[in-house]
Amino acid sequence: MTWPFENDTSAIIKKLANRSMKTDKRSKAFLLLTIALSVCMIFSIVLISAGAQEEFKNTQRSKAQVAILGITDDQLSGLRQNKDVQWIGEYAAIGLFYSGNKTITVAYGSEDYFTHQEEKSLQGRAPQKANEIMLPQNYIDFLGKSYHPGDTITFDVTGTGHEAEYTLSGILSESSKSDGYFVYLSKELAMSLMNHLQVTAYTRLNTDAIRSETLLDFTDKVIENTGIVEDQVYLTEYSAVMTGAVQSGIQLPIPLLAALTAVLAATIVYGVFYTKIAKNVQMFGQLRTIGMTKKQIKRMVRKEGLRYAFTGIPLGLIAGLLIGFIVYPKGFQIKTVAIYAVLIAIVGVVMVNIAIFKPVRVAMNTSPIEGARYLAYSGKAKASSKLHRNLSPHNLARINIQRNRQKAILTLVMLGVSGALLLGASTVAGSIDPEKQATFKHYPAGSILLQVKNQVGSSFDKESEPYGSSKLQLEENPLESQTLRHDLENIAGVEKITAFNCVHMSITFPGGSGSLTSIMNDFPTLNREQLAEKQAVLSSGTADYDDMTERNGILVAENIASVGDTLQLEGRSPDGSTFNINAVVAGTYDPTDLMERNPVVPGSPYFMMTYDMAKNLTGITDQTGILALKITPNHFDEVLSAVQEIAEQSSKISVNTIEQTIKNIQYRYSSSIKALYMAAAILFTFGSISLMNMLMVDFQNRKREFGLLEAVGATQKQLKAMLSREIGIYLGGSLVIALVFGSILSVIVCRRLDAVNHCITLVLPWLFLLALVVVLAVIYLIFTAYAKSELKKTSILSAIREE
């Protein structure tokens, strides 16, 4: 602020700042590049992380927020008339049958369900009449046919051998191979095959709300006067994904990366700006001599620093935006970009202000006398008491580094930290092991599982039961066959076969928002010895075999219920009827601790019971429900082929492999791995260029020193050897720091991720380590070539007279 009685010198100060920038073009380029790079790096990493999550949210962004179970035609009609409903996608699973080792699921779905909820395209339209069906393209490929919409085909939709002619109304876009395929029927045909068609209405509401409470309150108003009750309403995964409760892959520590980048950038800006100020100390002294005040000097230097910021920050934002868009174009959101751009711009200005704080104070506190005798390269060297010092090029290099320890440490840390981050990020990305996670959670005893089929033949068969595997285990368990065991043992590559007891049941427990969740699956049954072992992994309660058997006690995952709660179990009684009992929670466990310390199959179960409890409820004594096959390395494909042939001959056994689970986990981690590699590359590129900037600026500020050394007899060859030694020390030290701190960072992060997800097999990033060494060698060659070229251009007198 200029007071009325003061002269307004702002125009003069502005001109001086502009001229200072123009006169030192090299420092200007280095400062602009450093600021732009730092902003680019922070912005690009933030956009990469945000883009990955936005791309994940895009999988749900336009889908249904709620699902209404068991909806009737009258309820649907009332719901469709509400102006707050955008669309309703109907879906119902009708049944299934087997074609060889492939499971064929028969279902009904409306066109809105496929195009909006599943977001798949189709040729033709969804079935509407009783004589119409729709097939996915991958099933048509599996059948080896060449069908087109409108074709009349002969098809068995129930798997019971009753073929009929149908019109293929549409073909659904689905090209991937699978262990199971779908057949889609019209609602009319589906109702003729089912006594009661259980339709789920996936409903898209006219609201932007993403919170579960808000969505449920909105839904309550929508379903008024439709006959739909609250118990029918369930939230889809829309809310969990959109609120960030469920995220894709491993989350990057964005605040930490941004803070590290800001510190590195501020350090570099400080170093370059400080040397620029030191180089012009004599000019500041002269300005003070002609009457310029400390305040005016301060304003001039700060204005120059901020002009660098206001030029470099936009350039960095533009570059970061391009990188973020290229990496995740589908996750690019203008609103997200705008918010982060403003925040990072503010952080950038603050960062520059902090970085130039000390250089500004040096400039404003410079007196005319100090300006005349200031040497930019003097550093903070202490007087030596030694009588003799060997002034060889190697010793001169060491002395120069020791003379300004602060600069030496900053130079070493700069590339060392970025190298450590490169190695850390690449180690984590390369060590993610989907197979390990799949093995830990689901396949602890072998990569191939043979299970008793819960549905033999077709579910449309009148004799089929909802708990068909229990019937097979009760009458003649196919997995207890000695012939089967002998055939499996004779397959080359089968290392070990382990039998596990389990029975097919369903468990019902409280879910989110007061609703009930029902899970049907194979659940482990434990003998007395196995149950006693589980006591060590219980987080609460007691695993007493006799007590649990007597009062139908179960052990459950700790996120399902608490000790003393009562849950519902359903299964098949010995007479073929369905039992429904109340089971008391005797103990709880953490599924991760269970699979780590005392694994069971099927893995990560919702609940476990005693063998005798299962026997009392189902009558099954031969409770083997799974055979796990451990395969010798490099024999998986041959063993799987042989096992599938044996399973097809039985028709009562299904084969499940670890492969699909691995693919699912790989897909979940793919965006995180991509983001980690990108972040590592950006970090290291930033560190390398920034180091080159600092070294070159430092070289320019030491020209007087080189001239003095030449004046006392040093040759250019000796000066080159001295500079080579210096850069070698810096780069070697940086490599050591990168290796040490990169290893520590990698171990810490990998152990943490492995403790949570059990998805890490530590792999050294040899390729990135080699790249680090190569880049350091390139920096060495570039700098030595630059020094050689600049030394040839610099004469003794011009170097001494400089400044």
# chains A, B, ... in the order shown; residues from 1 in each chain; ligands from 1
call {"tool": "residues_around", "arguments": {"residues": "Asn101 (chain A)", "least_positions_apart": "4", "cutoff": "12 Å", "atoms": "only C-alpha atoms", "output": "list of chain:residue names"}}
result
A:Phe97, A:Ser178, A:Asp179, A:Gly180, A:Tyr181, A:Leu450, A:Lys453, A:Val456, A:Gly457, A:Leu640, A:Ser641, A:Val643, A:Gln644, A:Glu645, A:Ile646, A:Ala647, A:Glu648, A:Gln649, A:Ser650, A:Ser651, A:Lys652, A:Ile653, A:Ser654, A:Val655, A:Asn656
call {"tool": "select_by_dssp", "arguments": {"residues": "region 502-679 of chain A", "states": "strand (DSSP E or B)", "output": "NGL selection string"}}
result
:A and (502-510 or 516-526 or 538-541 or 553-557 or 566-572 or 578-589 or 607-610 or 624-631 or 653-657)
call {"tool": "closest_residue", "arguments": {"among": "A:Ala438, A:Ile737, A:Val774, A:Ala190", "to": "Ile662 (chain A)", "atoms": "only C-alpha atoms"}}
result
A:Ala438
call {"tool": "residues_around", "arguments": {"residues": "region 603-610 of chain A", "least_positions_apart": "4", "cutoff": "10 Å", "atoms": "only C-alpha atoms", "output": "PyMOL selection string"}}
result
chain A and resi 438-445+502-503+507+519+521-528+530-531+543-546+548-549+552-560+583+585-595+599+614-615
call {"tool": "closest_residue", "arguments": {"among": "A:Leu197, A:Val106, A:Ile581, A:Ala714", "to": "Phe460 (chain A)", "atoms": "only C-alpha atoms"}}
result
A:Val106
call {"tool": "residues_around", "arguments": {"residues": "Trp87 (chain A)", "least_positions_apart": "4", "cutoff": "8 Å", "atoms": "only C-alpha atoms", "output": "PyMOL selection string"}}
result
chain A and resi 80+112+203-205
call {"tool": "write_last_selection", "arguments": {"atoms": "all heavy atoms", "output": "PDB file, in the first residue's frame"}}
result
ATOM      1  N   ARG A  80     -44.232 -47.392 -12.292  1.00  0.00           N
ATOM      2  CA  ARG A  80     -43.911 -46.758 -13.573  1.00  0.00           C
ATOM      3  C   ARG A  80     -44.628 -45.412 -13.751  1.00  0.00           C
ATOM      4  O   ARG A  80     -44.165 -44.560 -14.500  1.00  0.00           O
ATOM      5  CB  ARG A  80     -44.289 -47.691 -14.722  1.00  0.00           C
ATOM      6  CG  ARG A  80     -43.401 -48.925 -14.825  1.00  0.00           C
ATOM      7  CD  ARG A  80     -43.756 -49.739 -16.056  1.00  0.00           C
ATOM      8  NE  ARG A  80     -43.097 -51.035 -16.057  1.00  0.00           N
ATOM      9  CZ  ARG A  80     -41.844 -51.248 -16.439  1.00  0.00           C
ATOM     10  NH1 ARG A  80     -41.114 -50.222 -16.849  1.00  0.00           N
ATOM     11  NH2 ARG A  80     -41.322 -52.459 -16.409  1.00  0.00           N
ATOM     12  N   ASP A 112     -34.820 -52.743 -20.709  1.00  0.00           N
ATOM     13  CA  ASP A 112     -34.218 -51.703 -19.859  1.00  0.00           C
ATOM     14  C   ASP A 112     -33.152 -52.297 -18.941  1.00  0.00           C
ATOM     15  O   ASP A 112     -32.157 -51.628 -18.632  1.00  0.00           O
ATOM     16  CB  ASP A 112     -35.293 -51.010 -19.013  1.00  0.00           C
ATOM     17  CG  ASP A 112     -36.042 -49.946 -19.798  1.00  0.00           C
ATOM     18  OD1 ASP A 112     -35.433 -49.385 -20.722  1.00  0.00           O
ATOM     19  OD2 ASP A 112     -37.218 -49.697 -19.488  1.00  0.00           O
ATOM     20  N   THR A 203     -34.401 -50.179 -10.164  1.00  0.00           N
ATOM     21  CA  THR A 203     -35.095 -48.914 -10.377  1.00  0.00           C
ATOM     22  C   THR A 203     -34.147 -47.728 -10.317  1.00  0.00           C
ATOM     23  O   THR A 203     -33.446 -47.529  -9.317  1.00  0.00           O
ATOM     24  CB  THR A 203     -36.202 -48.734  -9.315  1.00  0.00           C
ATOM     25  OG1 THR A 203     -37.036 -49.902  -9.312  1.00  0.00           O
ATOM     26  CG2 THR A 203     -37.040 -47.502  -9.606  1.00  0.00           C
ATOM     27  N   ARG A 204     -34.155 -46.948 -11.396  1.00  0.00           N
ATOM     28  CA  ARG A 204     -33.380 -45.713 -11.451  1.00  0.00           C
ATOM     29  C   ARG A 204     -34.295 -44.554 -11.075  1.00  0.00           C
ATOM     30  O   ARG A 204     -35.316 -44.318 -11.725  1.00  0.00           O
ATOM     31  CB  ARG A 204     -32.805 -45.501 -12.852  1.00  0.00           C
ATOM     32  CG  ARG A 204     -32.055 -44.170 -13.021  1.00  0.00           C
ATOM     33  CD  ARG A 204     -30.744 -44.173 -12.285  1.00  0.00           C
ATOM     34  NE  ARG A 204     -30.139 -42.844 -12.260  1.00  0.00           N
ATOM     35  CZ  ARG A 204     -28.909 -42.608 -11.809  1.00  0.00           C
ATOM     36  NH1 ARG A 204     -28.181 -43.617 -11.339  1.00  0.00           N
ATOM     37  NH2 ARG A 204     -28.422 -41.397 -11.803  1.00  0.00           N
ATOM     38  N   LEU A 205     -33.908 -43.837 -10.014  1.00  0.00           N
ATOM     39  CA  LEU A 205     -34.721 -42.745  -9.495  1.00  0.00           C
ATOM     40  C   LEU A 205     -34.231 -41.403 -10.028  1.00  0.00           C
ATOM     41  O   LEU A 205     -33.052 -41.243 -10.364  1.00  0.00           O
ATOM     42  CB  LEU A 205     -34.665 -42.740  -7.963  1.00  0.00           C
ATOM     43  CG  LEU A 205     -35.078 -44.044  -7.273  1.00  0.00           C
ATOM     44  CD1 LEU A 205     -34.760 -43.965  -5.791  1.00  0.00           C
ATOM     45  CD2 LEU A 205     -36.553 -44.322  -7.497  1.00  0.00           C
TER      46      LEU A 205
END
call {"tool": "residues_around", "arguments": {"residues": "Thr624 (chain A)", "least_positions_apart": "3", "cutoff": "12 Å", "atoms": "only C-alpha atoms", "output": "VMD selection string"}}
result
chain A and resid 450 to 452 469 to 470 472 to 474 476 to 481 498 to 504 522 to 526 601 to 602 611 614 620 to 621 627 to 628
call {"tool": "atom_distance", "arguments": {"atom1": "CA of Ala259 (chain A)", "atom2": "CA of Met242 (chain A)"}}
result
26.8 Å
call {"tool": "closest_residue", "arguments": {"among": "A:Ile228, A:Met505, A:Ala240, A:Leu769", "to": "Glu213 (chain A)", "atoms": "only C-alpha atoms"}}
result
A:Ala240
call {"tool": "atom_distance", "arguments": {"atom1": "CA of Gln60 (chain A)", "atom2": "CA of Gln247 (chain A)"}}
result
11.9 Å
call {"tool": "closest_residue", "arguments": {"among": "A:Leu215, A:Ala675, A:Ala785, A:Ile727", "to": "Leu412 (chain A)", "atoms": "only C-alpha atoms"}}
result
A:Ile727
call {"tool": "residues_around", "arguments": {"residues": "Ile171 (chain A)", "least_positions_apart": "2", "cutoff": "8 Å", "atoms": "only C-alpha atoms", "output": "ChimeraX atom specification"}}
result
/A:122-125,134-137,148-149,168-169,173
call {"tool": "write_last_selection", "arguments": {"atoms": "all heavy atoms", "output": "compact mmCIF listing (two decimals), in the first residue's frame"}}
result
# COMPACT_ATOMS: atom_id res chain seq x y z
N LEU A 122 -27.51 -54.81 -27.74
CA LEU A 122 -28.08 -56.03 -28.32
C LEU A 122 -28.56 -55.76 -29.73
O LEU A 122 -29.02 -54.67 -30.05
CB LEU A 122 -29.21 -56.58 -27.44
CG LEU A 122 -30.40 -55.67 -27.10
CD1 LEU A 122 -31.50 -55.80 -28.15
CD2 LEU A 122 -30.96 -56.03 -25.75
N GLN A 123 -28.43 -56.78 -30.54
CA GLN A 123 -28.99 -56.74 -31.89
C GLN A 123 -30.42 -57.26 -31.80
O GLN A 123 -30.67 -58.29 -31.21
CB GLN A 123 -28.19 -57.63 -32.83
CG GLN A 123 -26.72 -57.28 -32.96
CD GLN A 123 -25.99 -58.29 -33.83
OE1 GLN A 123 -26.45 -58.63 -34.92
NE2 GLN A 123 -24.87 -58.78 -33.34
N GLY A 124 -31.34 -56.53 -32.39
CA GLY A 124 -32.74 -56.94 -32.27
C GLY A 124 -33.34 -56.35 -31.01
O GLY A 124 -33.11 -55.19 -30.67
N ARG A 125 -34.10 -57.16 -30.27
CA ARG A 125 -34.75 -56.70 -29.05
C ARG A 125 -34.87 -57.85 -28.05
O ARG A 125 -34.64 -59.02 -28.40
CB ARG A 125 -36.13 -56.14 -29.37
CG ARG A 125 -37.04 -57.12 -30.11
CD ARG A 125 -38.43 -56.56 -30.34
NE ARG A 125 -39.24 -57.46 -31.17
CZ ARG A 125 -39.85 -58.55 -30.71
NH1 ARG A 125 -39.73 -58.90 -29.44
NH2 ARG A 125 -40.56 -59.32 -31.52
N MET A 134 -33.71 -65.01 -26.34
CA MET A 134 -32.52 -64.23 -26.71
C MET A 134 -31.29 -64.96 -26.18
O MET A 134 -31.31 -65.51 -25.07
CB MET A 134 -32.61 -62.82 -26.10
CG MET A 134 -31.41 -61.94 -26.44
SD MET A 134 -31.65 -60.22 -25.92
CE MET A 134 -31.55 -60.40 -24.14
N LEU A 135 -30.23 -64.96 -26.98
CA LEU A 135 -28.98 -65.63 -26.59
C LEU A 135 -27.83 -64.63 -26.63
O LEU A 135 -27.81 -63.74 -27.48
CB LEU A 135 -28.66 -66.79 -27.54
CG LEU A 135 -29.67 -67.93 -27.62
CD1 LEU A 135 -29.23 -68.94 -28.68
CD2 LEU A 135 -29.83 -68.62 -26.27
N PRO A 136 -26.86 -64.78 -25.74
CA PRO A 136 -25.64 -63.96 -25.85
C PRO A 136 -24.74 -64.52 -26.94
O PRO A 136 -24.78 -65.72 -27.24
CB PRO A 136 -25.00 -64.09 -24.46
CG PRO A 136 -25.52 -65.37 -23.92
CD PRO A 136 -26.87 -65.59 -24.52
N GLN A 137 -23.92 -63.67 -27.52
CA GLN A 137 -23.06 -64.07 -28.64
C GLN A 137 -22.08 -65.16 -28.22
O GLN A 137 -21.80 -66.07 -29.02
CB GLN A 137 -22.30 -62.86 -29.17
CG GLN A 137 -21.46 -63.13 -30.40
CD GLN A 137 -22.28 -63.59 -31.59
OE1 GLN A 137 -23.23 -62.92 -31.97
NE2 GLN A 137 -21.93 -64.73 -32.17
N HIS A 148 -28.83 -65.21 -36.40
CA HIS A 148 -29.07 -63.79 -36.56
C HIS A 148 -30.44 -63.46 -35.99
O HIS A 148 -31.32 -64.33 -35.94
CB HIS A 148 -29.02 -63.37 -38.03
CG HIS A 148 -27.71 -63.63 -38.69
ND1 HIS A 148 -27.42 -64.83 -39.32
CD2 HIS A 148 -26.59 -62.86 -38.80
CE1 HIS A 148 -26.18 -64.79 -39.81
NE2 HIS A 148 -25.65 -63.61 -39.50
N PRO A 149 -30.63 -62.24 -35.50
CA PRO A 149 -31.96 -61.87 -34.98
C PRO A 149 -33.05 -62.12 -36.01
O PRO A 149 -32.90 -61.81 -37.19
CB PRO A 149 -31.81 -60.37 -34.68
CG PRO A 149 -30.35 -60.18 -34.44
CD PRO A 149 -29.67 -61.12 -35.38
N LEU A 168 -35.51 -66.18 -32.52
CA LEU A 168 -34.41 -65.50 -31.83
C LEU A 168 -34.64 -63.99 -31.98
O LEU A 168 -34.32 -63.41 -33.00
CB LEU A 168 -33.07 -65.91 -32.45
CG LEU A 168 -31.80 -65.42 -31.72
CD1 LEU A 168 -31.70 -66.02 -30.33
CD2 LEU A 168 -30.56 -65.76 -32.52
N SER A 169 -35.22 -63.39 -30.94
CA SER A 169 -35.60 -61.97 -31.02
C SER A 169 -34.39 -61.04 -30.98
O SER A 169 -34.44 -59.94 -31.52
CB SER A 169 -36.55 -61.60 -29.88
OG SER A 169 -35.88 -61.68 -28.63
N SER A 173 -24.70 -58.61 -26.76
CA SER A 173 -23.25 -58.48 -26.99
C SER A 173 -22.49 -59.04 -25.80
O SER A 173 -22.45 -58.44 -24.73
CB SER A 173 -22.88 -56.99 -27.17
OG SER A 173 -23.24 -56.26 -26.02
call {"tool": "atom_distance", "arguments": {"atom1": "CA of Leu745 (chain A)", "atom2": "CA of Gly324 (chain A)"}}
result
25.5 Å
call {"tool": "residues_around", "arguments": {"residues": "Ala425 (chain A)", "least_positions_apart": "2", "cutoff": "10 Å", "atoms": "only C-alpha atoms", "output": "ChimeraX atom specification"}}
result
/A:252,419-423,427-431,673,675-681,683,742,745-746,749-750,765
call {"tool": "closest_residue", "arguments": {"among": "A:Lys177, A:Lys120, A:His486, A:Arg361", "to": "Tyr139 (chain A)", "atoms": "only C-alpha atoms"}}
result
A:Lys177
call {"tool": "closest_residue", "arguments": {"among": "A:Asn353, A:Thr517, A:Ser44, A:Thr72", "to": "His196 (chain A)", "atoms": "only C-alpha atoms"}}
result
A:Thr72
